[in-house]
Structure formats: C-alpha cells, structure tokens
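**Student:** Contents of protein-v7.txt (compact mmCIF, C-alpha atoms and all ligand atoms) are given next:
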```txt
# COMPACT_ATOMS: atom_id res chain seq x y z
CA MET A 1 -3.42 17.01 17.25
CA ASN A 2 -2.11 13.49 17.81
CA LEU A 3 -2.26 11.11 14.86
CA LEU A 4 -1.65 7.37 15.27
CA VAL A 5 -0.33 5.84 12.03
CA THR A 6 0.00 2.05 11.87
CA GLY A 7 2.39 0.22 9.53
CA ALA A 8 4.45 3.31 8.71
CA ALA A 9 7.80 1.50 8.65
CA GLY A 10 6.54 0.03 5.36
CA PHE A 11 6.35 1.47 1.85
CA ILE A 12 3.21 3.63 1.73
CA GLY A 13 2.81 4.47 5.43
CA SER A 14 6.38 5.80 5.63
CA ARG A 15 5.82 8.03 2.58
CA TYR A 16 2.62 9.32 4.21
CA VAL A 17 4.42 10.14 7.46
CA ARG A 18 7.30 11.88 5.62
CA MET A 19 4.72 13.98 3.76
CA LEU A 20 3.09 15.11 7.04
CA LEU A 21 6.43 15.76 8.75
CA ASP A 22 7.51 17.93 5.80
CA SER A 23 4.39 20.06 6.21
CA ARG A 24 4.87 23.52 7.71
CA ALA A 25 1.15 23.97 8.35
CA PRO A 26 0.45 25.29 11.87
CA ASP A 27 -1.96 22.38 12.45
CA ALA A 28 0.52 19.68 11.26
CA PRO A 29 -0.05 16.73 13.63
CA HIS A 30 2.22 15.04 16.12
CA ILE A 31 2.58 11.48 14.82
CA THR A 32 2.92 8.18 16.67
CA VAL A 33 3.87 5.26 14.44
CA LEU A 34 2.93 1.76 15.57
CA ASP A 35 4.73 -0.93 13.56
CA LYS A 36 5.73 -4.51 14.35
CA LEU A 37 8.75 -4.36 12.02
CA THR A 38 7.93 -7.56 10.17
CA TYR A 39 10.18 -8.56 7.23
CA ALA A 40 8.46 -5.70 5.31
CA GLY A 41 9.13 -2.88 7.79
CA THR A 42 12.40 -1.04 8.36
CA LEU A 43 13.35 1.93 10.54
CA ASP A 44 15.45 3.17 7.60
CA ASN A 45 12.13 4.34 6.14
CA LEU A 46 11.45 6.75 9.02
CA GLU A 47 12.93 10.09 10.07
CA LEU A 48 13.58 9.00 13.67
CA GLY A 49 14.53 11.97 15.86
CA HIS A 50 12.04 14.33 14.18
CA PRO A 51 10.42 16.41 16.98
CA ARG A 52 6.89 15.54 15.80
CA LEU A 53 7.50 11.78 15.45
CA GLU A 54 7.40 8.99 18.01
CA PHE A 55 8.02 5.36 17.03
CA VAL A 56 6.56 2.41 18.95
CA GLN A 57 7.48 -1.12 17.94
CA GLY A 58 4.49 -3.37 18.50
CA ASP A 59 1.71 -5.48 17.07
CA ILE A 60 -1.73 -4.14 16.13
CA CYS A 61 -3.13 -7.38 17.64
CA ASP A 62 -1.73 -6.40 21.10
CA ALA A 63 -4.96 -5.04 22.66
CA GLU A 64 -3.28 -3.51 25.72
CA LEU A 65 -0.70 -1.58 23.69
CA VAL A 66 -3.26 -0.52 21.09
CA ASP A 67 -5.57 0.69 23.87
CA LYS A 68 -2.84 2.87 25.37
CA LEU A 69 -1.95 4.39 21.99
CA THR A 70 -5.52 5.04 20.86
CA SER A 71 -6.29 6.68 24.25
CA GLU A 72 -3.60 9.27 23.33
CA ALA A 73 -4.74 9.66 19.68
CA ASP A 74 -7.21 12.10 18.12
CA GLN A 75 -7.22 10.29 14.77
CA VAL A 76 -5.93 7.01 13.28
CA VAL A 77 -4.62 6.21 9.79
CA HIS A 78 -4.34 2.45 9.46
CA PHE A 79 -1.84 1.11 6.90
CA ALA A 80 -0.47 -1.94 8.78
CA ALA A 81 -1.09 -5.18 6.90
CA GLU A 82 0.44 -8.24 5.40
CA SER A 83 0.44 -6.91 1.83
CA HIS A 84 1.91 -9.41 -0.64
CA VAL A 85 -0.48 -11.61 -2.64
CA ASP A 86 2.10 -14.36 -3.39
CA ARG A 87 2.83 -14.80 0.32
CA SER A 88 -0.90 -15.12 1.08
CA ILE A 89 -1.09 -17.98 -1.44
CA MET A 90 1.73 -19.79 0.38
CA GLY A 91 0.08 -19.30 3.79
CA ALA A 92 -2.89 -17.20 4.88
CA ALA A 93 -2.60 -17.33 8.69
CA ASP A 94 -0.59 -14.10 9.15
CA PHE A 95 -2.96 -12.34 6.75
CA VAL A 96 -6.04 -13.25 8.77
CA ARG A 97 -4.32 -12.44 12.05
CA THR A 98 -2.93 -9.02 11.12
CA ASN A 99 -5.40 -7.82 8.51
CA VAL A 100 -8.61 -9.04 10.16
CA VAL A 101 -7.94 -9.50 13.90
CA GLY A 102 -5.47 -6.59 14.03
CA THR A 103 -7.96 -4.24 12.37
CA GLN A 104 -10.75 -5.37 14.70
CA THR A 105 -8.46 -4.76 17.71
CA LEU A 106 -7.77 -1.21 16.49
CA LEU A 107 -11.44 -0.50 15.77
CA ASP A 108 -12.50 -1.71 19.25
CA SER A 109 -9.89 0.46 20.93
CA ALA A 110 -10.69 3.49 18.79
CA LEU A 111 -14.33 3.16 19.73
CA ARG A 112 -13.59 2.70 23.45
CA ASN A 113 -11.31 5.73 23.51
CA GLY A 114 -13.48 8.12 21.48
CA VAL A 115 -11.03 8.52 18.58
CA GLY A 116 -12.14 10.92 15.79
CA ALA A 117 -11.49 10.08 12.13
CA PHE A 118 -10.28 6.49 11.55
CA VAL A 119 -8.94 6.11 7.99
CA HIS A 120 -8.81 2.46 6.97
CA VAL A 121 -6.45 1.94 4.01
CA SER A 122 -8.03 -0.81 1.93
CA THR A 123 -7.28 -1.81 -1.68
CA ASP A 124 -8.90 -2.08 -5.11
CA GLU A 125 -8.30 -5.86 -4.94
CA VAL A 126 -11.35 -6.23 -2.68
CA TYR A 127 -13.59 -5.81 -5.77
CA GLY A 128 -12.12 -8.89 -7.48
CA SER A 129 -11.23 -8.71 -11.19
CA ILE A 130 -12.95 -6.74 -13.97
CA ASP A 131 -12.62 -7.38 -17.74
CA GLU A 132 -13.81 -3.95 -18.83
CA GLY A 133 -15.07 -0.73 -17.26
CA SER A 134 -14.24 0.44 -13.74
CA TRP A 135 -15.66 -0.24 -10.27
CA PRO A 136 -17.61 2.47 -8.44
CA GLU A 137 -17.48 2.39 -4.63
CA GLU A 138 -20.94 0.73 -4.43
CA HIS A 139 -19.80 -2.32 -6.41
CA PRO A 140 -20.12 -5.57 -4.39
CA LEU A 141 -16.87 -6.97 -3.04
CA ALA A 142 -15.68 -10.26 -4.61
CA PRO A 143 -12.06 -10.84 -3.53
CA ASN A 144 -10.16 -13.80 -4.98
CA SER A 145 -6.84 -14.22 -3.12
CA PRO A 146 -6.40 -14.88 0.61
CA TYR A 147 -4.76 -11.40 0.77
CA SER A 148 -7.69 -9.62 -0.85
CA ALA A 149 -10.22 -11.68 1.15
CA SER A 150 -8.51 -10.62 4.39
CA LYS A 151 -8.50 -6.98 3.22
CA ALA A 152 -12.20 -7.21 2.25
CA SER A 153 -12.97 -8.59 5.71
CA SER A 154 -11.19 -5.70 7.42
CA ASP A 155 -12.77 -3.17 5.04
CA LEU A 156 -16.28 -4.48 5.85
CA LEU A 157 -15.50 -4.63 9.58
CA ALA A 158 -14.40 -0.99 9.50
CA LEU A 159 -17.64 0.05 7.77
CA ALA A 160 -19.64 -2.07 10.24
CA TYR A 161 -18.11 -0.13 13.15
CA HIS A 162 -19.44 3.04 11.54
CA ARG A 163 -22.93 1.66 10.85
CA THR A 164 -23.29 -0.15 14.19
CA HIS A 165 -21.42 2.12 16.59
CA GLY A 166 -21.16 5.46 14.76
CA LEU A 167 -17.33 5.38 14.72
CA ASP A 168 -16.04 7.97 12.21
CA VAL A 169 -14.57 5.44 9.78
CA ARG A 170 -13.44 6.42 6.23
CA VAL A 171 -12.20 3.74 3.81
CA THR A 172 -9.83 4.19 0.86
CA ARG A 173 -9.47 1.65 -1.96
CA CYS A 174 -6.39 2.34 -4.04
CA SER A 175 -4.79 0.85 -7.15
CA ASN A 176 -1.17 -0.44 -7.48
CA ASN A 177 1.47 1.89 -6.05
CA TYR A 178 5.06 2.33 -7.20
CA GLY A 179 7.90 4.57 -6.02
CA PRO A 180 10.95 4.62 -3.73
CA HIS A 181 11.11 2.48 -0.55
CA GLN A 182 8.88 -0.35 -1.90
CA PHE A 183 9.96 -3.76 -0.61
CA PRO A 184 11.78 -5.63 -3.43
CA GLU A 185 9.24 -8.46 -3.62
CA LYS A 186 6.55 -6.44 -5.48
CA VAL A 187 6.86 -6.48 -9.26
CA VAL A 188 8.30 -2.99 -9.86
CA PRO A 189 11.14 -3.00 -7.30
CA LEU A 190 11.78 -6.74 -7.85
CA PHE A 191 12.27 -6.22 -11.57
CA ILE A 192 14.35 -3.04 -11.11
CA THR A 193 16.70 -4.56 -8.52
CA ASN A 194 17.11 -7.79 -10.50
CA LEU A 195 17.97 -5.80 -13.64
CA LEU A 196 20.42 -3.59 -11.71
CA ASP A 197 22.12 -6.82 -10.61
CA GLY A 198 22.14 -8.24 -14.15
CA ARG A 199 19.57 -10.92 -13.20
CA LYS A 200 16.51 -12.03 -15.18
CA VAL A 201 12.98 -10.99 -14.23
CA PRO A 202 10.15 -13.55 -13.74
CA LEU A 203 7.04 -12.53 -15.71
CA TYR A 204 3.97 -14.54 -14.67
CA GLY A 205 1.91 -16.37 -17.32
CA LYS A 206 1.73 -14.46 -20.59
CA GLY A 207 2.20 -11.06 -18.95
CA LEU A 208 -1.31 -9.98 -19.98
CA ASN A 209 -2.70 -9.06 -16.56
CA VAL A 210 -3.49 -5.37 -16.25
CA ARG A 211 -2.86 -3.03 -13.30
CA ASP A 212 -3.38 0.72 -12.80
CA TRP A 213 -0.02 2.17 -11.68
CA LEU A 214 -0.14 5.13 -9.31
CA HIS A 215 2.82 6.95 -7.74
CA VAL A 216 2.90 6.46 -3.97
CA GLU A 217 2.90 10.25 -3.41
CA ASP A 218 -0.42 10.52 -5.26
CA HIS A 219 -1.88 7.76 -3.08
CA CYS A 220 -0.68 9.55 0.08
CA GLN A 221 -2.24 12.84 -1.04
CA GLY A 222 -5.49 10.96 -1.55
CA VAL A 223 -5.34 9.37 1.91
CA ASP A 224 -4.78 12.75 3.53
CA LEU A 225 -7.65 14.35 1.61
CA VAL A 226 -9.88 11.58 2.94
CA ARG A 227 -8.60 12.20 6.50
CA THR A 228 -9.09 15.96 6.34
CA LYS A 229 -12.07 16.40 3.98
CA GLY A 230 -13.75 13.00 3.70
CA ARG A 231 -17.12 12.12 5.21
CA PRO A 232 -17.68 9.55 7.99
CA GLY A 233 -18.83 6.14 6.77
CA GLU A 234 -17.78 6.81 3.16
CA VAL A 235 -15.56 4.78 0.82
CA TYR A 236 -13.24 6.59 -1.63
CA ASN A 237 -11.56 4.87 -4.59
CA ILE A 238 -8.09 6.28 -5.30
CA GLY A 239 -6.70 5.64 -8.78
CA GLY A 240 -6.02 7.45 -12.01
CA GLY A 241 -2.54 6.22 -12.65
CA THR A 242 -1.82 4.45 -15.95
CA GLU A 243 -3.33 1.09 -16.90
CA LEU A 244 -0.74 -1.28 -18.36
CA SER A 245 -0.41 -5.00 -18.98
CA ASN A 246 2.51 -6.55 -17.10
CA LYS A 247 4.21 -7.01 -20.46
CA GLU A 248 3.92 -3.28 -21.19
CA LEU A 249 5.18 -2.44 -17.70
CA THR A 250 8.11 -4.83 -18.17
CA GLY A 251 8.98 -3.09 -21.46
CA LEU A 252 9.11 0.30 -19.70
CA LEU A 253 11.29 -1.10 -16.89
CA LEU A 254 13.66 -2.75 -19.37
CA ASP A 255 14.00 0.59 -21.21
CA ALA A 256 14.54 2.52 -17.99
CA CYS A 257 17.25 0.05 -16.89
CA GLY A 258 18.89 -0.21 -20.33
CA ALA A 259 18.14 -3.95 -20.61
CA ASP A 260 16.46 -6.00 -23.37
CA TRP A 261 13.87 -8.80 -23.59
CA ASP A 262 16.57 -11.50 -23.15
CA MET A 263 16.38 -10.57 -19.46
CA VAL A 264 12.73 -11.70 -19.21
CA GLU A 265 11.83 -15.23 -18.17
CA TYR A 266 8.18 -16.27 -18.59
CA VAL A 267 7.33 -18.37 -15.53
CA GLU A 268 4.32 -20.29 -14.21
CA ASP A 269 1.34 -18.04 -13.57
CA ARG A 270 0.23 -16.94 -10.07
CA LYS A 271 -2.64 -19.13 -8.81
CA GLY A 272 -6.03 -17.41 -9.17
CA HIS A 273 -4.30 -14.45 -10.87
CA ASP A 274 -6.75 -11.50 -11.16
CA LEU A 275 -6.82 -10.34 -14.79
CA ARG A 276 -7.49 -6.64 -14.37
CA TYR A 277 -8.15 -4.02 -11.69
CA SER A 278 -9.72 -0.65 -12.46
CA VAL A 279 -11.34 1.78 -10.03
CA ASP A 280 -13.64 4.67 -10.88
CA TRP A 281 -12.16 7.51 -8.77
CA SER A 282 -14.59 10.27 -9.82
CA LYS A 283 -16.00 10.53 -6.27
CA ALA A 284 -12.58 11.45 -4.80
CA ARG A 285 -12.06 13.93 -7.66
CA THR A 286 -15.38 15.74 -7.36
CA GLU A 287 -15.83 15.57 -3.58
CA LEU A 288 -12.24 16.00 -2.36
CA GLY A 289 -10.41 17.61 -5.30
CA TYR A 290 -8.11 14.56 -5.59
CA ARG A 291 -5.94 14.48 -8.75
CA PRO A 292 -2.87 12.32 -9.40
CA ARG A 293 0.13 14.46 -10.44
CA HIS A 294 2.84 12.00 -11.46
CA GLU A 295 3.26 10.83 -15.05
CA LEU A 296 4.21 7.13 -15.21
CA ARG A 297 7.25 7.20 -17.49
CA SER A 298 9.06 9.93 -15.53
CA GLY A 299 7.87 8.45 -12.22
CA LEU A 300 9.37 5.07 -13.17
CA ALA A 301 12.61 6.73 -14.33
CA ASP A 302 12.89 8.51 -10.94
CA THR A 303 12.12 5.24 -9.17
CA VAL A 304 14.84 3.38 -11.09
CA ALA A 305 17.29 6.19 -10.25
CA TRP A 306 16.36 5.92 -6.57
CA TYR A 307 17.01 2.13 -6.49
CA ARG A 308 20.28 2.66 -8.40
CA ASP A 309 21.40 5.23 -5.80
CA ASN A 310 20.15 3.38 -2.72
CA ARG A 311 21.60 -0.13 -2.79
CA ASP A 312 22.28 0.26 0.96
CA TRP A 313 18.51 0.35 1.47
CA TRP A 314 17.42 -2.66 -0.60
CA GLU A 315 20.35 -5.10 -0.57
CA PRO A 316 19.89 -5.99 3.15
CA LEU A 317 16.13 -6.42 2.57
CA LYS A 318 16.69 -8.86 -0.29
CA ARG A 319 19.17 -10.76 1.91
CA ARG A 320 16.62 -10.73 4.76
CA VAL A 321 14.17 -12.86 2.75
CA GLY A 322 16.99 -15.00 1.40
CA GLY A 323 15.81 -14.93 -2.22
CA GLU A 324 12.79 -17.08 -1.25
CA HIS A 325 10.24 -14.71 -2.73
CA VAL A 326 12.44 -12.34 -4.70
P1 LIG A 401 4.20 -2.97 3.32
O1 LIG A 401 4.17 -4.45 3.33
O2 LIG A 401 5.31 -2.25 2.62
O3 LIG A 401 4.19 -2.43 4.83
C1 LIG A 401 3.37 -2.99 5.82
C2 LIG A 401 3.86 -2.50 7.18
O4 LIG A 401 2.97 -3.03 8.18
C3 LIG A 401 5.27 -2.98 7.54
O5 LIG A 401 6.04 -1.91 8.04
C4 LIG A 401 5.05 -4.03 8.61
O6 LIG A 401 6.11 -4.15 9.55
C5 LIG A 401 3.75 -3.54 9.26
N1 LIG A 401 2.99 -4.62 9.92
C6 LIG A 401 2.66 -5.82 9.41
N2 LIG A 401 2.00 -6.57 10.33
C7 LIG A 401 1.89 -5.78 11.43
C8 LIG A 401 1.29 -5.97 12.72
N3 LIG A 401 0.68 -7.13 13.06
N4 LIG A 401 1.35 -4.96 13.62
C9 LIG A 401 1.98 -3.78 13.31
N5 LIG A 401 2.58 -3.57 12.12
C10 LIG A 401 2.52 -4.55 11.19
O7 LIG A 401 2.79 -2.52 2.74
P2 LIG A 401 2.42 -1.27 1.80
O8 LIG A 401 2.60 -1.67 0.39
O9 LIG A 401 3.04 -0.06 2.34
O10 LIG A 401 0.82 -1.23 2.05
C11 LIG A 401 0.28 -0.45 3.10
C12 LIG A 401 -1.22 -0.58 3.10
O11 LIG A 401 -1.75 -0.12 1.86
C13 LIG A 401 -1.72 -2.01 3.28
O12 LIG A 401 -2.85 -1.98 4.10
C14 LIG A 401 -2.09 -2.44 1.85
O13 LIG A 401 -3.12 -3.41 1.88
C15 LIG A 401 -2.59 -1.13 1.27
N6 LIG A 401 -2.45 -0.96 -0.19
C16 LIG A 401 -1.25 -1.21 -0.80
C17 LIG A 401 -1.11 -0.97 -2.18
C18 LIG A 401 0.21 -1.21 -2.89
O14 LIG A 401 0.24 -1.10 -4.12
N7 LIG A 401 1.29 -1.52 -2.20
C19 LIG A 401 -2.22 -0.50 -2.91
C20 LIG A 401 -3.45 -0.30 -2.25
C21 LIG A 401 -3.54 -0.51 -0.89
O1 LIG A 402 -3.98 -3.31 -6.42
C1 LIG A 402 -3.45 -2.97 -5.17
C2 LIG A 402 -2.56 -4.08 -4.69
O2 LIG A 402 -1.39 -4.05 -5.51
C3 LIG A 402 -2.20 -3.97 -3.22
O3 LIG A 402 -3.36 -4.13 -2.44
C4 LIG A 402 -1.16 -5.04 -2.83
O4 LIG A 402 -0.74 -4.84 -1.48
C5 LIG A 402 0.04 -4.91 -3.74
O5 LIG A 402 0.97 -5.93 -3.46
C6 LIG A 402 -0.39 -5.01 -5.21
O6 LIG A 402 -0.85 -6.34 -5.55
P1 LIG A 402 -0.44 -7.04 -6.95
O7 LIG A 402 -0.58 -8.49 -6.80
O8 LIG A 402 -1.15 -6.38 -8.08
O9 LIG A 402 1.12 -6.58 -7.00
P2 LIG A 402 2.45 -7.37 -7.39
O10 LIG A 402 3.53 -6.34 -7.46
O11 LIG A 402 2.69 -8.57 -6.54
O12 LIG A 402 2.13 -7.89 -8.86
C7 LIG A 402 1.77 -6.96 -9.89
C8 LIG A 402 1.52 -7.77 -11.16
O13 LIG A 402 2.79 -8.32 -11.59
C9 LIG A 402 0.60 -8.95 -10.94
O14 LIG A 402 -0.24 -9.11 -12.07
C10 LIG A 402 1.54 -10.16 -10.82
C11 LIG A 402 2.73 -9.76 -11.67
N1 LIG A 402 4.05 -10.29 -11.22
C12 LIG A 402 4.38 -10.10 -9.91
C13 LIG A 402 5.58 -10.56 -9.42
C14 LIG A 402 5.95 -10.36 -7.96
C15 LIG A 402 4.90 -10.91 -12.11
O15 LIG A 402 4.60 -11.07 -13.31
N2 LIG A 402 6.10 -11.38 -11.63
C16 LIG A 402 6.48 -11.24 -10.30
O16 LIG A 402 7.58 -11.71 -9.92
```
Using structure tokens, write down the structure that the file contains.

**Tutor:**
Amino acid sequence: MNLLVTGAAGFIGSRYVRMLLDSRAPDAPHITVLDKLTYAGTLDNLELGHPRLEFVQGDICDAELVDKLTSEADQVVHFAAESHVDRSIMGAADFVRTNVVGTQTLLDSALRNGVGAFVHVSTDEVYGSIDEGSWPEEHPLAPNSPYSASKASSDLLALAYHRTHGLDVRVTRCSNNYGPHQFPEKVVPLFITNLLDGRKVPLYGKGLNVRDWLHVEDHCQGVDLVRTKGRPGEVYNIGGGTELSNKELTGLLLDACGADWDMVEYVEDRKGHDLRYSVDWSKARTELGYRPRHELRSGLADTVAWYRDNRDWWEPLKRRVGGEHV
C-alpha cells in the first residue's frame, strides 16, 4: 500500500510518519512524503534512508507534481499547511495559497487518479471560539483568524469533493498539540526554549485564553484511526487533552524549567484572539475507540527534557527566522 503524506517535514506530520515506520504490521504502508520545506519544515524531522520512506521536495500547489504522486498513491494524509496564527495576521497570502489552493490541487488530483481514503487534517479553530461547552462535529464553522478561515475553506472544500464527486474524504479537527519537534514559534516550544536560554516569555493579554492541550502522539493515533476505521464523508473531532488558561500553562512550563514568574512579560494581546477552544470528541471515542493516553504534566516534563537535550535541532530553526516571530 502506498501512502502519500503531505507536510511531514513539519511537527505533526513527521511524528505521524515515524509512528507508521515504527510499525511492524505486515500491512504497514510504503510512505511518500511531499513537503516544500518552508521555514517550518526540516529534514531533521524525518528518518531519511528508511526502506519504506521516500521524500519528495515540492509544493502542494504544483499540479503536475501532485498529479504524478497521487497517481502512485492508494491513500493520502494531508498535513501540509501554513499553521501559525500570528503569521496569518501579518499576511494571509501564503495561507490562502497553500491551505486553500494547495488543498484543492490535491483533491482534484486525488479524484482524477482514483485515490482511496483522503484524510484532511483540519483544526478545532474552524469552529471559532466558545465560552462554555464543547463543539460537536455538526456545529457551524465560524473561523476568526485568516489562518482558521483558510483552514475552514479547505475543510469545506474537502467535504464538498465527497458530496459532489464521491471522493472518500475524512476530516479530522484536533485541539492544540504539544511535544518534541514543534517549531519554536508556537507557545509551548517558544516558552521552553526562551526559558532554557534564560530569556523572558511573552504572555499575550491577561493570559486568560483557554486551549485544550493534547500530546502529538495522541493526535497521530487519532489520525490513523480515522484513516483505517473512519467512514467516508465524516468529520471526527480529536481532543481530550487538558484544558488550561495560558496563565496556567505558563505556570506549568515555569515549574518544569525551574524558572519563576519574573521571567514572564505580559505583552499586547493577539488581534482577534479566540478566547477558548473545546471539541466534543465522543464520536471518535465511540466509533473508532480513540482515547488520548498522555497525561499533561508528565508529557510537558518529557517535552522540556527533549528540548533541553536537542539544542542542535531548535537553535538553527530559531536563527532561521531571525527572532522575528520568536
Ligand atoms: P508545521 O507548520 O509544523 O508543518 C507544516 C509543514 O507543511 C512544514 O513541513 C512545511 O514545510 C509544509 N508545507 C507548508 N506549505 C507547503 C506547501 N505549499 N507544499 C508542501 N508542503 C508545505 O505544522 P503542524 O503544526 O505540524 O500542523 C500540521 C497540520 O495539522 C496543519 O494542517 C495544521 O493546520 C493542523 N493542526 C495543527 C495543530 C497544532 O496544534 N499544531 C492542531 C490541529 C491541527
Ligand atoms: O487549536 C489548534 C491550533 O493550535 C492549530 O490549528 C494551529 O496550527 C496551532 O498553531 C495552534 O494555534 P494557537 O493559536 O492556539 O497556538 P499558539 O501556540 O500560537 O498559541 C497558543 C496560545 O498561547 C494562544 O492563546 C496565544 C498564546 N500565546 C502564543 C504565543 C506564540 C502567547 O500568549 N504568547 C506567545 O508568544
């Protein structure tokens, strides 16, 4: 079985590919990774040379290349995206190009080439912001940032290819991930790497925004359950981590790094900052047997230890973006 995985030089896609390459199952797929290697992608995330892995550097908007790769693929798992909300506020063009046009290019090619399951990795941010309760999959989409609007567009396009053309599309909407190999612009690795360097951490607004923190391995298990057991045309929320305000998260990271509140600088809030995300993931639990396994405190401690032991991985990435966003 040939599986095309897009965006797997990044944080979550690379963890997903490592999980499949570690599998000894007789039906473990041969994997082709398509990744443009933007600022967020690095080959250090991939086990190049593994007999079941092929890497192709390229753009998901390149219709000719995408057509060749989908003609060789039985299934697609689509992670590639511009993924950082702050960057989308500074400029939305790359977000529309990659997240919307790139996804449409992949869907067209998958359809033309008779690909089987096409897992589109979406996000909980497409639902907007919720003060209390949790979103079920049927909840209307109401994205607020250019990032989440571009992800909602691609999510709806993917579902439209199922309804209109019968393509076997499955959509996942997951909460905030943390773990090793996350680019040091997102709050967890940014705060950890700053603290390891003895630098302050910038907490937006009053630190009261709430996120549901899920270990990346739990997300990847969920994505693979959707690929192997999910139903065509269905959406699956993936969550069940731990809901925390950013202030509470910061407290845990300070503890894990042995730092105190003097290291926190309250800074201007993010524009249009969503207050709270919360998905109802009971469908994935009852239909697919999905269950997150990692406990947050020990998961964060392991993540801090990984960043402490892997400066060679993150220092060049921080230099690459020149401190502009980190
Ligand atoms: P990331 O930014 O770490 O990685 C994105 C990868 O996509 C990079 O390797 C990059 O080089 C590649 N890429 C970007 N543009 C491309 C293009 N035009 N063609 C080919 N490759 C391209 O992102 P991540 O955090 O691993 O997120 C992966 C997916 O999961 C995204 O679709 C994101 O929306 C979704 N998601 C992320 C989270 C989270 O907490 N990080 C939660 C839910 C959903
Ligand atoms: O919910 C899933 C989404 O989670 C994914 O779709 C996105 O790709 C991913 O980036 C993430 O989006 P967030 O905006 O929630 O993640 P981020 O790490 O950027 O911010 C988390 C919270 O921390 C948010 O409320 C903003 C705050 N924050 C962030 C940064 C970078 C700070 O207070 N200071 C910071 O420097």

**Student:** Can I get the residues close to ligand LIG 401 (chain A) as a ChimeraX atom specification, where close means within 6 Å and we count all atoms listed in the file?

**Tutor:** /A:7-13,35-38,40-41,58-61,79-83,98,121-123,174-177,183

**Student:** Output the neighbourhood of ligand LIG 402 (chain A) as a ChimeraX atom specification, that is, all protein and nucleic acid residues with some atom at most 6 Å from the ligand, counting only C-alpha atoms and all ligand atoms.

**Tutor:** /A:83-85,123-125,175-176,185-187,202-204,209,246

**Student:** Hey, can you spit out that residue selection with C-alpha atoms as a PDB file, in the frame of the given file?

**Tutor:**
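New file again29.pdb:
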```pdb
ATOM      1  CA  SER A  83       0.440  -6.910   1.830  1.00  0.00           C
ATOM      2  CA  HIS A  84       1.910  -9.410  -0.640  1.00  0.00           C
ATOM      3  CA  VAL A  85      -0.480 -11.610  -2.640  1.00  0.00           C
ATOM      4  CA  THR A 123      -7.280  -1.810  -1.680  1.00  0.00           C
ATOM      5  CA  ASP A 124      -8.900  -2.080  -5.110  1.00  0.00           C
ATOM      6  CA  GLU A 125      -8.300  -5.860  -4.940  1.00  0.00           C
ATOM      7  CA  SER A 175      -4.790   0.850  -7.150  1.00  0.00           C
ATOM      8  CA  ASN A 176      -1.170  -0.440  -7.480  1.00  0.00           C
ATOM      9  CA  GLU A 185       9.240  -8.460  -3.620  1.00  0.00           C
ATOM     10  CA  LYS A 186       6.550  -6.440  -5.480  1.00  0.00           C
ATOM     11  CA  VAL A 187       6.860  -6.480  -9.260  1.00  0.00           C
ATOM     12  CA  PRO A 202      10.150 -13.550 -13.740  1.00  0.00           C
ATOM     13  CA  LEU A 203       7.040 -12.530 -15.710  1.00  0.00           C
ATOM     14  CA  TYR A 204       3.970 -14.540 -14.670  1.00  0.00           C
ATOM     15  CA  ASN A 209      -2.700  -9.060 -16.560  1.00  0.00           C
ATOM     16  CA  ASN A 246       2.510  -6.550 -17.100  1.00  0.00           C
TER      17      ASN A 246
END
```

**Student:** Got a sec: who's within 8 Å of range 260-268 of chain A, counting all atoms listed in the file, leaving out chain neighbours fewer than 4 positions off, as a list of chain:residue names?

**Tutor:**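 My list of contacting residues is A:Leu195, A:Arg199, A:Lys200, A:Val201, A:Pro202, A:Leu203, A:Tyr204, A:Gly205, A:Lys206, A:Gly207, A:Gly251, A:Leu254, A:Asp255.
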
**Student:** Find the residue from A:Asn99, A:Asn113, A:Ser134, A:Asn194 that sits nearest to Ser148 in chain A; use all atoms listed in the file when measuring.

**Tutor:** A:Asn99

**Student:** Please report the interatomic distance between CA of Leu244 in chain A and CA of Arg211 in chain A in Å with one decimal.

**Tutor:**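 Interatomic distance here is 5.8 Å.
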
**Student:** In Å, how far is it from CA of Glu217 in chain A to CA of Gly241 in chain A?

**Tutor:** 11.5 Å

**Student:** So, with all atoms listed in the file as the atoms that count, which of A:Ala142, A:Ala73, A:Leu107, A:Val321 lies closest to Tyr161 in chain A?

**Tutor:**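 Nearest to Tyr161 in chain A: A:Leu107.
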
**Student:** Show me, as a PyMOL selection string, the residues that have an atom within 8 Å of Ala152 in chain A when counting all atoms listed in the file, minus same-chain residues fewer than 5 positions from it.

**Tutor:** chain A and resi 122+126+141+143

**Student:** Interatomic distance between CA of Lys271 in chain A and CA of Gly91 in chain A?

**Tutor:**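 If I compute the distance from CA of Lys271 in chain A to CA of Gly91 in chain A, I get 12.9 Å.
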
**Student:** Tell me which of A:Gly289, A:Ala259, A:Arg87, A:Asp218 sits closest to Tyr39 in chain A, counting all atoms listed in the file.

**Tutor:**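 Nearest candidate to Tyr39 in chain A out of A:Gly289, A:Ala259, A:Arg87, A:Asp218: A:Arg87.
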
**Student:** For a quick check of understanding, using only C-alpha atoms, which of A:Ser23, A:Ser129, A:Thr105, A:Thr6 has the smallest distance to Val56 in chain A?

**Tutor:** A:Thr6

**Student:** Within 9 Å of range 212-215 of chain A, counting all atoms listed in the file, which residues show up once you throw out same-chain ones fewer than 3 positions away? Write them as a list in words, please.

**Tutor:** Cys174, Ser175, Asn176, Asn177, Tyr178, Gly179, Asp218, His219, Cys220, Ile238, Gly239, Gly240, Gly241, Thr242, Glu243, Leu244, Ser245, Arg276, Tyr277, Ser278, Val279, Pro292, Arg293, His294, Glu295, Leu296, Gly299 and Leu300 of chain A

**Student:** For a quick check of understanding, using only C-alpha atoms, which of A:Thr303, A:Thr228, A:Gln57, A:Asn310 has the smallest distance to Glu287 in chain A?

**Tutor:**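 Smallest separation from Glu287 in chain A among the options: A:Thr228.
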
**Student:** Leaving out Asp168 in chain A and any residue of its chain fewer than 5 positions from it, which residues lie within 7 Å of it when counting all atoms listed in the file, given as an MDAnalysis selection string?

**Tutor:** chainID A and resid 116:118 162 232:233
